[in-house]
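Below is the file model-v5.txt, which contains compact mmCIF, N, CA and C atoms.
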# COMPACT_ATOMS: atom_id res chain seq x y z
N MET A 1 -37.64 19.17 -26.71
CA MET A 1 -38.15 20.23 -25.89
C MET A 1 -37.03 21.18 -25.46
N GLY A 2 -36.01 20.66 -24.75
CA GLY A 2 -34.93 21.52 -24.31
C GLY A 2 -33.62 21.04 -24.90
N SER A 3 -32.68 21.89 -24.88
CA SER A 3 -31.37 21.49 -25.39
C SER A 3 -30.54 20.89 -24.25
N THR A 4 -29.62 20.05 -24.62
CA THR A 4 -28.75 19.42 -23.64
C THR A 4 -27.52 20.28 -23.44
N LEU A 5 -27.21 20.56 -22.21
CA LEU A 5 -26.05 21.38 -21.88
C LEU A 5 -24.93 20.45 -21.44
N THR A 6 -23.80 20.55 -22.09
CA THR A 6 -22.63 19.75 -21.73
C THR A 6 -21.66 20.64 -20.99
N LEU A 7 -21.30 20.20 -19.80
CA LEU A 7 -20.37 20.95 -18.98
C LEU A 7 -19.00 20.30 -19.09
N VAL A 8 -18.03 21.06 -19.52
CA VAL A 8 -16.66 20.58 -19.63
C VAL A 8 -15.86 21.27 -18.54
N VAL A 9 -15.25 20.46 -17.69
CA VAL A 9 -14.46 21.01 -16.60
C VAL A 9 -13.00 20.81 -16.96
N TYR A 10 -12.26 21.89 -16.95
CA TYR A 10 -10.84 21.81 -17.24
C TYR A 10 -10.09 21.58 -15.94
N LEU A 11 -9.28 20.55 -15.92
CA LEU A 11 -8.41 20.29 -14.79
C LEU A 11 -6.98 20.34 -15.28
N PRO A 12 -6.10 20.94 -14.55
CA PRO A 12 -4.70 20.94 -14.97
C PRO A 12 -4.21 19.50 -15.10
N SER A 13 -3.21 19.28 -15.95
CA SER A 13 -2.75 17.93 -16.20
C SER A 13 -2.22 17.26 -14.94
N THR A 14 -1.73 18.04 -13.98
CA THR A 14 -1.25 17.46 -12.73
C THR A 14 -2.39 16.74 -12.02
N ARG A 15 -3.57 17.32 -12.03
CA ARG A 15 -4.74 16.69 -11.39
C ARG A 15 -5.06 15.38 -12.10
N HIS A 16 -4.98 15.38 -13.42
CA HIS A 16 -5.22 14.15 -14.17
C HIS A 16 -4.16 13.10 -13.85
N LEU A 17 -2.93 13.53 -13.71
CA LEU A 17 -1.86 12.60 -13.37
C LEU A 17 -2.06 12.02 -11.97
N LEU A 18 -2.57 12.82 -11.06
CA LEU A 18 -2.85 12.32 -9.71
C LEU A 18 -3.93 11.24 -9.73
N ARG A 19 -4.87 11.35 -10.65
CA ARG A 19 -5.88 10.30 -10.78
C ARG A 19 -5.23 8.97 -11.13
N ALA A 20 -4.28 9.01 -12.06
CA ALA A 20 -3.58 7.79 -12.46
C ALA A 20 -2.72 7.27 -11.31
N LYS A 21 -2.06 8.17 -10.61
CA LYS A 21 -1.24 7.77 -9.47
C LYS A 21 -2.10 7.14 -8.38
N ASP A 22 -3.24 7.72 -8.11
CA ASP A 22 -4.17 7.16 -7.12
C ASP A 22 -4.65 5.77 -7.55
N LEU A 23 -4.87 5.61 -8.84
CA LEU A 23 -5.29 4.30 -9.35
C LEU A 23 -4.19 3.27 -9.10
N ILE A 24 -2.95 3.63 -9.33
CA ILE A 24 -1.83 2.72 -9.06
C ILE A 24 -1.79 2.38 -7.58
N ASP A 25 -1.94 3.37 -6.72
CA ASP A 25 -1.91 3.12 -5.28
C ASP A 25 -3.02 2.18 -4.85
N ALA A 26 -4.19 2.35 -5.42
CA ALA A 26 -5.34 1.55 -5.01
C ALA A 26 -5.37 0.16 -5.64
N ARG A 27 -4.87 0.04 -6.87
CA ARG A 27 -5.02 -1.23 -7.59
C ARG A 27 -3.68 -1.79 -8.06
N TYR A 28 -2.63 -1.63 -7.25
CA TYR A 28 -1.29 -2.08 -7.64
C TYR A 28 -1.22 -3.57 -7.88
N ARG A 29 -2.14 -4.34 -7.31
CA ARG A 29 -2.15 -5.80 -7.49
C ARG A 29 -2.61 -6.20 -8.90
N GLU A 30 -3.32 -5.33 -9.53
CA GLU A 30 -3.91 -5.64 -10.83
C GLU A 30 -2.94 -5.33 -11.96
N PRO A 31 -3.11 -5.99 -13.10
CA PRO A 31 -2.25 -5.64 -14.24
C PRO A 31 -2.66 -4.27 -14.79
N LEU A 32 -1.81 -3.30 -14.61
CA LEU A 32 -2.09 -1.94 -15.08
C LEU A 32 -1.10 -1.60 -16.18
N ASP A 33 -1.61 -1.23 -17.34
CA ASP A 33 -0.72 -0.85 -18.44
C ASP A 33 -0.82 0.65 -18.68
N ILE A 34 0.09 1.14 -19.48
CA ILE A 34 0.16 2.58 -19.76
C ILE A 34 -1.14 3.08 -20.38
N GLN A 35 -1.73 2.29 -21.27
CA GLN A 35 -2.97 2.72 -21.92
C GLN A 35 -4.07 2.96 -20.89
N THR A 36 -4.22 2.06 -19.92
CA THR A 36 -5.24 2.21 -18.89
C THR A 36 -4.99 3.46 -18.05
N LEU A 37 -3.74 3.63 -17.63
CA LEU A 37 -3.39 4.78 -16.81
C LEU A 37 -3.56 6.09 -17.58
N ALA A 38 -3.16 6.09 -18.86
CA ALA A 38 -3.30 7.29 -19.70
C ALA A 38 -4.77 7.64 -19.89
N ARG A 39 -5.60 6.61 -20.03
CA ARG A 39 -7.04 6.84 -20.22
C ARG A 39 -7.63 7.52 -18.96
N VAL A 40 -7.20 7.08 -17.78
CA VAL A 40 -7.67 7.68 -16.53
C VAL A 40 -7.24 9.14 -16.44
N ALA A 41 -6.05 9.43 -16.95
CA ALA A 41 -5.52 10.80 -16.92
C ALA A 41 -6.02 11.64 -18.10
N HIS A 42 -6.78 11.03 -19.00
CA HIS A 42 -7.31 11.73 -20.18
C HIS A 42 -6.18 12.28 -21.05
N LEU A 43 -5.12 11.49 -21.21
CA LEU A 43 -3.98 11.88 -22.03
C LEU A 43 -3.62 10.73 -22.96
N SER A 44 -2.88 11.05 -24.02
CA SER A 44 -2.37 9.98 -24.88
C SER A 44 -1.29 9.23 -24.09
N SER A 45 -1.01 8.01 -24.47
CA SER A 45 -0.03 7.19 -23.76
C SER A 45 1.34 7.85 -23.70
N ALA A 46 1.81 8.36 -24.85
CA ALA A 46 3.14 8.97 -24.89
C ALA A 46 3.19 10.23 -24.03
N HIS A 47 2.17 11.07 -24.17
CA HIS A 47 2.13 12.31 -23.39
C HIS A 47 2.01 12.00 -21.90
N PHE A 48 1.19 11.02 -21.55
CA PHE A 48 1.03 10.62 -20.16
C PHE A 48 2.36 10.18 -19.56
N SER A 49 3.08 9.32 -20.26
CA SER A 49 4.37 8.82 -19.75
C SER A 49 5.36 9.97 -19.52
N ARG A 50 5.44 10.88 -20.49
CA ARG A 50 6.35 12.02 -20.36
C ARG A 50 5.97 12.91 -19.18
N GLU A 51 4.68 13.23 -19.09
CA GLU A 51 4.21 14.14 -18.03
C GLU A 51 4.32 13.49 -16.65
N PHE A 52 4.04 12.21 -16.57
CA PHE A 52 4.14 11.51 -15.28
C PHE A 52 5.58 11.56 -14.78
N ARG A 53 6.52 11.27 -15.68
CA ARG A 53 7.94 11.30 -15.29
C ARG A 53 8.39 12.71 -14.92
N ARG A 54 7.95 13.68 -15.69
CA ARG A 54 8.33 15.06 -15.42
C ARG A 54 7.76 15.51 -14.07
N THR A 55 6.55 15.12 -13.76
CA THR A 55 5.87 15.56 -12.54
C THR A 55 6.35 14.81 -11.30
N PHE A 56 6.49 13.48 -11.41
CA PHE A 56 6.77 12.67 -10.22
C PHE A 56 8.20 12.13 -10.16
N GLY A 57 8.99 12.37 -11.20
CA GLY A 57 10.39 11.98 -11.15
C GLY A 57 10.69 10.54 -11.48
N GLU A 58 9.69 9.78 -11.85
CA GLU A 58 9.88 8.39 -12.27
C GLU A 58 8.77 8.01 -13.24
N THR A 59 9.03 6.96 -14.01
CA THR A 59 8.03 6.53 -14.99
C THR A 59 6.86 5.87 -14.26
N PRO A 60 5.72 5.77 -14.92
CA PRO A 60 4.58 5.07 -14.30
C PRO A 60 4.94 3.63 -13.92
N HIS A 61 5.71 2.97 -14.77
CA HIS A 61 6.10 1.58 -14.48
C HIS A 61 6.99 1.53 -13.23
N GLN A 62 7.92 2.45 -13.10
CA GLN A 62 8.78 2.49 -11.90
C GLN A 62 7.95 2.75 -10.65
N TYR A 63 6.99 3.66 -10.76
CA TYR A 63 6.14 3.97 -9.61
C TYR A 63 5.33 2.75 -9.20
N LEU A 64 4.75 2.06 -10.18
CA LEU A 64 3.98 0.85 -9.90
C LEU A 64 4.84 -0.22 -9.25
N LEU A 65 6.04 -0.43 -9.78
CA LEU A 65 6.95 -1.42 -9.21
C LEU A 65 7.35 -1.04 -7.78
N THR A 66 7.57 0.23 -7.54
CA THR A 66 7.90 0.70 -6.19
C THR A 66 6.78 0.39 -5.21
N ARG A 67 5.54 0.68 -5.61
CA ARG A 67 4.39 0.38 -4.73
C ARG A 67 4.33 -1.12 -4.45
N ARG A 68 4.53 -1.94 -5.46
CA ARG A 68 4.47 -3.39 -5.29
C ARG A 68 5.58 -3.88 -4.36
N LEU A 69 6.78 -3.36 -4.52
CA LEU A 69 7.89 -3.79 -3.68
C LEU A 69 7.71 -3.30 -2.24
N GLU A 70 7.17 -2.11 -2.05
CA GLU A 70 6.90 -1.64 -0.70
C GLU A 70 5.90 -2.55 0.00
N ARG A 71 4.88 -2.94 -0.73
CA ARG A 71 3.88 -3.85 -0.14
C ARG A 71 4.51 -5.21 0.13
N ALA A 72 5.39 -5.66 -0.74
CA ALA A 72 6.07 -6.94 -0.54
C ALA A 72 6.90 -6.92 0.73
N THR A 73 7.59 -5.81 1.00
CA THR A 73 8.40 -5.75 2.22
C THR A 73 7.52 -5.87 3.46
N ALA A 74 6.36 -5.24 3.43
CA ALA A 74 5.44 -5.35 4.57
C ALA A 74 4.97 -6.78 4.74
N LEU A 75 4.66 -7.45 3.64
CA LEU A 75 4.21 -8.85 3.72
C LEU A 75 5.34 -9.76 4.19
N LEU A 76 6.56 -9.50 3.77
CA LEU A 76 7.69 -10.30 4.21
C LEU A 76 7.91 -10.15 5.72
N ARG A 77 7.70 -8.94 6.22
CA ARG A 77 7.90 -8.69 7.66
C ARG A 77 6.74 -9.20 8.50
N ASN A 78 5.52 -9.12 7.98
CA ASN A 78 4.34 -9.33 8.82
C ASN A 78 3.55 -10.60 8.55
N THR A 79 3.97 -11.40 7.59
CA THR A 79 3.27 -12.65 7.31
C THR A 79 4.28 -13.78 7.17
N ASP A 80 3.76 -14.96 7.12
CA ASP A 80 4.60 -16.13 6.87
C ASP A 80 4.35 -16.66 5.46
N HIS A 81 3.78 -15.85 4.59
CA HIS A 81 3.52 -16.27 3.22
C HIS A 81 4.85 -16.54 2.51
N SER A 82 4.83 -17.48 1.59
CA SER A 82 6.05 -17.77 0.84
C SER A 82 6.40 -16.60 -0.07
N VAL A 83 7.65 -16.54 -0.48
CA VAL A 83 8.10 -15.48 -1.39
C VAL A 83 7.30 -15.53 -2.69
N ALA A 84 7.05 -16.74 -3.18
CA ALA A 84 6.28 -16.89 -4.43
C ALA A 84 4.86 -16.36 -4.24
N ASP A 85 4.23 -16.67 -3.10
CA ASP A 85 2.88 -16.17 -2.85
C ASP A 85 2.86 -14.65 -2.75
N ILE A 86 3.86 -14.08 -2.08
CA ILE A 86 3.94 -12.63 -1.95
C ILE A 86 4.12 -11.98 -3.31
N CYS A 87 4.95 -12.60 -4.13
CA CYS A 87 5.16 -12.10 -5.50
C CYS A 87 3.82 -11.96 -6.22
N LEU A 88 3.00 -12.99 -6.14
CA LEU A 88 1.69 -12.98 -6.80
C LEU A 88 0.72 -12.02 -6.11
N GLU A 89 0.77 -11.95 -4.78
CA GLU A 89 -0.13 -11.07 -4.02
C GLU A 89 0.05 -9.60 -4.38
N VAL A 90 1.26 -9.21 -4.72
CA VAL A 90 1.51 -7.80 -5.04
C VAL A 90 1.36 -7.49 -6.52
N GLY A 91 0.95 -8.48 -7.30
CA GLY A 91 0.67 -8.22 -8.71
C GLY A 91 1.78 -8.55 -9.68
N LEU A 92 2.85 -9.19 -9.20
CA LEU A 92 3.94 -9.60 -10.09
C LEU A 92 3.73 -11.06 -10.49
N THR A 93 4.26 -11.45 -11.62
CA THR A 93 3.98 -12.80 -12.12
C THR A 93 5.21 -13.68 -12.19
N SER A 94 6.40 -13.12 -12.03
CA SER A 94 7.63 -13.89 -12.13
C SER A 94 8.44 -13.75 -10.86
N VAL A 95 8.66 -14.86 -10.17
CA VAL A 95 9.45 -14.82 -8.93
C VAL A 95 10.88 -14.38 -9.24
N GLY A 96 11.41 -14.80 -10.37
CA GLY A 96 12.76 -14.40 -10.75
C GLY A 96 12.88 -12.89 -10.94
N SER A 97 11.95 -12.31 -11.65
CA SER A 97 11.95 -10.85 -11.85
C SER A 97 11.71 -10.13 -10.54
N PHE A 98 10.83 -10.67 -9.71
CA PHE A 98 10.56 -10.10 -8.40
C PHE A 98 11.84 -10.07 -7.56
N THR A 99 12.55 -11.18 -7.52
CA THR A 99 13.78 -11.27 -6.74
C THR A 99 14.83 -10.30 -7.26
N THR A 100 14.97 -10.22 -8.59
CA THR A 100 15.94 -9.31 -9.19
C THR A 100 15.61 -7.86 -8.85
N SER A 101 14.35 -7.48 -9.02
CA SER A 101 13.93 -6.10 -8.72
C SER A 101 14.08 -5.81 -7.23
N PHE A 102 13.72 -6.76 -6.40
CA PHE A 102 13.82 -6.57 -4.96
C PHE A 102 15.28 -6.35 -4.55
N ARG A 103 16.17 -7.16 -5.08
CA ARG A 103 17.60 -7.04 -4.76
C ARG A 103 18.15 -5.70 -5.25
N ARG A 104 17.72 -5.26 -6.42
CA ARG A 104 18.19 -3.99 -6.96
C ARG A 104 17.77 -2.83 -6.05
N VAL A 105 16.56 -2.88 -5.52
CA VAL A 105 16.04 -1.79 -4.70
C VAL A 105 16.53 -1.87 -3.24
N TYR A 106 16.50 -3.07 -2.65
CA TYR A 106 16.79 -3.21 -1.22
C TYR A 106 18.17 -3.78 -0.92
N GLY A 107 18.88 -4.23 -1.94
CA GLY A 107 20.24 -4.73 -1.74
C GLY A 107 20.34 -6.16 -1.26
N VAL A 108 19.22 -6.80 -1.02
CA VAL A 108 19.18 -8.20 -0.59
C VAL A 108 18.01 -8.90 -1.26
N THR A 109 18.03 -10.22 -1.25
CA THR A 109 16.91 -10.98 -1.80
C THR A 109 15.73 -10.91 -0.83
N PRO A 110 14.53 -11.22 -1.30
CA PRO A 110 13.38 -11.25 -0.38
C PRO A 110 13.59 -12.20 0.80
N THR A 111 14.20 -13.34 0.55
CA THR A 111 14.46 -14.31 1.63
C THR A 111 15.42 -13.74 2.66
N ALA A 112 16.48 -13.08 2.20
CA ALA A 112 17.44 -12.47 3.13
C ALA A 112 16.78 -11.32 3.88
N TYR A 113 15.92 -10.56 3.23
CA TYR A 113 15.19 -9.47 3.89
C TYR A 113 14.35 -10.03 5.02
N ARG A 114 13.64 -11.11 4.75
CA ARG A 114 12.80 -11.73 5.77
C ARG A 114 13.64 -12.22 6.95
N ARG A 115 14.79 -12.85 6.66
CA ARG A 115 15.66 -13.35 7.73
C ARG A 115 16.16 -12.22 8.62
N ALA A 116 16.31 -11.04 8.06
CA ALA A 116 16.83 -9.90 8.82
C ALA A 116 15.77 -9.31 9.76
N HIS A 117 14.54 -9.75 9.64
CA HIS A 117 13.45 -9.24 10.48
C HIS A 117 12.89 -10.40 11.30
N PRO A 118 12.44 -10.14 12.52
CA PRO A 118 11.90 -11.23 13.34
C PRO A 118 10.67 -11.85 12.68
N PRO A 119 10.43 -13.14 12.93
CA PRO A 119 9.25 -13.78 12.35
C PRO A 119 7.96 -13.06 12.78
N ALA A 120 6.99 -13.10 11.91
CA ALA A 120 5.73 -12.43 12.19
C ALA A 120 5.10 -12.96 13.47
N ALA A 121 5.21 -14.25 13.73
CA ALA A 121 4.60 -14.84 14.92
C ALA A 121 5.22 -14.29 16.20
N ALA A 122 6.48 -13.89 16.15
CA ALA A 122 7.15 -13.34 17.34
C ALA A 122 6.64 -11.95 17.67
N ARG A 123 5.98 -11.32 16.72
CA ARG A 123 5.47 -9.97 16.92
C ARG A 123 3.96 -9.94 16.86
N ALA A 124 3.33 -10.98 17.41
CA ALA A 124 1.87 -11.05 17.36
C ALA A 124 1.28 -9.85 18.07
N ARG A 125 0.32 -9.23 17.45
CA ARG A 125 -0.33 -8.07 18.04
C ARG A 125 -1.40 -8.53 19.03
N VAL A 126 -1.40 -7.91 20.19
CA VAL A 126 -2.39 -8.21 21.21
C VAL A 126 -3.43 -7.10 21.18
N PRO A 127 -4.71 -7.45 21.08
CA PRO A 127 -5.74 -6.41 21.04
C PRO A 127 -5.71 -5.52 22.29
N THR A 128 -6.03 -4.26 22.11
CA THR A 128 -6.00 -3.29 23.19
C THR A 128 -6.89 -3.72 24.35
N CYS A 129 -8.06 -4.29 24.06
CA CYS A 129 -8.97 -4.69 25.14
C CYS A 129 -8.32 -5.76 26.02
N VAL A 130 -7.54 -6.66 25.44
CA VAL A 130 -6.86 -7.69 26.21
C VAL A 130 -5.75 -7.06 27.05
N LEU A 131 -4.99 -6.13 26.46
CA LEU A 131 -3.94 -5.45 27.21
C LEU A 131 -4.52 -4.69 28.40
N GLN A 132 -5.63 -4.02 28.19
CA GLN A 132 -6.25 -3.25 29.27
C GLN A 132 -6.76 -4.16 30.38
N ALA A 133 -7.35 -5.28 30.01
CA ALA A 133 -7.84 -6.22 31.02
C ALA A 133 -6.69 -6.83 31.79
N TYR A 134 -5.61 -7.15 31.12
CA TYR A 134 -4.45 -7.75 31.78
C TYR A 134 -3.76 -6.74 32.68
N ALA A 135 -3.75 -5.48 32.29
CA ALA A 135 -3.05 -4.44 33.04
C ALA A 135 -3.90 -3.86 34.18
N ARG A 136 -5.13 -4.27 34.28
CA ARG A 136 -6.03 -3.75 35.32
C ARG A 136 -5.50 -4.15 36.70
N PRO A 137 -5.52 -3.23 37.66
CA PRO A 137 -5.03 -3.56 39.01
C PRO A 137 -5.78 -4.74 39.61
N GLN A 138 -5.05 -5.61 40.31
CA GLN A 138 -5.66 -6.79 40.90
C GLN A 138 -6.25 -6.54 42.28
N SER A 139 -5.71 -5.56 43.01
CA SER A 139 -6.25 -5.29 44.35
C SER A 139 -7.56 -4.55 44.21
N ARG A 140 -8.47 -4.86 45.10
CA ARG A 140 -9.78 -4.23 45.06
C ARG A 140 -9.86 -3.13 46.11
N SER A 141 -9.04 -2.11 45.96
CA SER A 141 -8.99 -1.04 46.95
C SER A 141 -9.79 0.19 46.55
N PHE A 142 -10.43 0.12 45.40
CA PHE A 142 -11.21 1.26 44.95
C PHE A 142 -12.55 1.26 45.67
N ARG A 143 -13.03 2.44 46.02
CA ARG A 143 -14.31 2.52 46.75
C ARG A 143 -15.45 1.90 45.97
N GLU A 144 -15.45 2.07 44.68
CA GLU A 144 -16.56 1.53 43.88
C GLU A 144 -16.62 0.02 44.00
N ASP A 145 -15.43 -0.62 44.13
CA ASP A 145 -15.40 -2.07 44.21
C ASP A 145 -15.83 -2.59 45.57
N SER A 146 -15.73 -1.79 46.61
CA SER A 146 -16.04 -2.27 47.96
C SER A 146 -17.50 -2.02 48.35
N ARG A 147 -18.20 -1.25 47.57
CA ARG A 147 -19.62 -1.00 47.89
C ARG A 147 -20.43 -2.26 47.65
N THR A 148 -21.39 -2.44 48.45
CA THR A 148 -22.32 -3.56 48.25
C THR A 148 -23.49 -3.05 47.44
N ALA A 149 -24.07 -3.94 46.73
CA ALA A 149 -25.21 -3.57 45.91
C ALA A 149 -26.39 -3.24 46.82
N ARG A 150 -27.01 -2.11 46.55
CA ARG A 150 -28.17 -1.70 47.33
C ARG A 150 -29.41 -1.99 46.52
N GLY A 151 -30.37 -2.51 47.15
CA GLY A 151 -31.53 -2.86 46.37
C GLY A 151 -32.81 -2.43 46.86
Can you give me the file's structure in the form of structure tokens?
Amino acid sequence: MGSTLTLVVYLPSTRHLLRAKDLIDARYREPLDIQTLARVAHLSSAHFSREFRRTFGETPHQYLLTRRLERATALLRNTDHSVADICLEVGLTSVGSFTTSFRRVYGVTPTAYRRAHPPAAARARVPTCVLQAYARPQSRSFREDSRTARG
């Protein structure tokens, strides 16, 4: 009956590269390879790698590793998870490679990094509602508090 109209939207390659970068940010825990990222960017693998580096100043693999190591530092500071567990939680599979990469970027091992920060339990977060209740004045000098209920 009718013909099918196909709409092709042209997006500059930077927009396509941002799609791949966003995918890395959102799914850094997952095994992401160049082919998957290039497919999201609608580019060939070789062209994607070149354009990503030209646009963002680092290779897709370096960017992914950076995101994983940043997340690892947060976990080292804020949890009591073992270094091996953190390695797996951020999407890496080798504790040795994790330690080597971590030392190269931060200048210390993950264990030394953790030692340099207070234990997570020492920095327990107290919910705002508890802080407000605890900070509430104890004297009942407000007029609203001294009124008797009228019925």
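The coordinates place atom C of His16 in chain A at 4.9 Å from atom C of Ala41 in chain A.
Between CA of Pro127 in chain A and CA of Asn78 in chain A the separation is 16.1 Å.
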Dump as CSV the rows for residues of range 26-48 of chain A within 8 Å of range 92-99 of chain A: closest atom pair and distance in Å with one decimal, only N, CA and C atoms counted, ordered by chain and rising residue number.
residue,atom,partner,partner_atom,distance
A:Tyr28,C,A:Leu92,N,7.1
A:Arg29,C,A:Leu92,N,6.2
A:Glu30,N,A:Leu92,N,7.3
A:Pro31,N,A:Leu92,N,7.8
Item to complete: Could you give me, as a VMD selection string, the residues within 12 Å of Arg54 in chain A, counting only C-alpha atoms and dropping anything in the same chain fewer than 5 positions from it?
Response: chain A and resid 13 to 14 17 47 to 49 59 to 60
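For the pair atom C of Arg50 in chain A and atom C of Arg71 in chain A, the interatomic distance is 26.5 Å.
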Discussion item. Under the rule that only N, CA and C atoms are counted, which of A:Arg27, A:Arg77, A:Arg125, A:Arg19 is the nearest residue to Val90 in chain A?
Written reply: A:Arg27
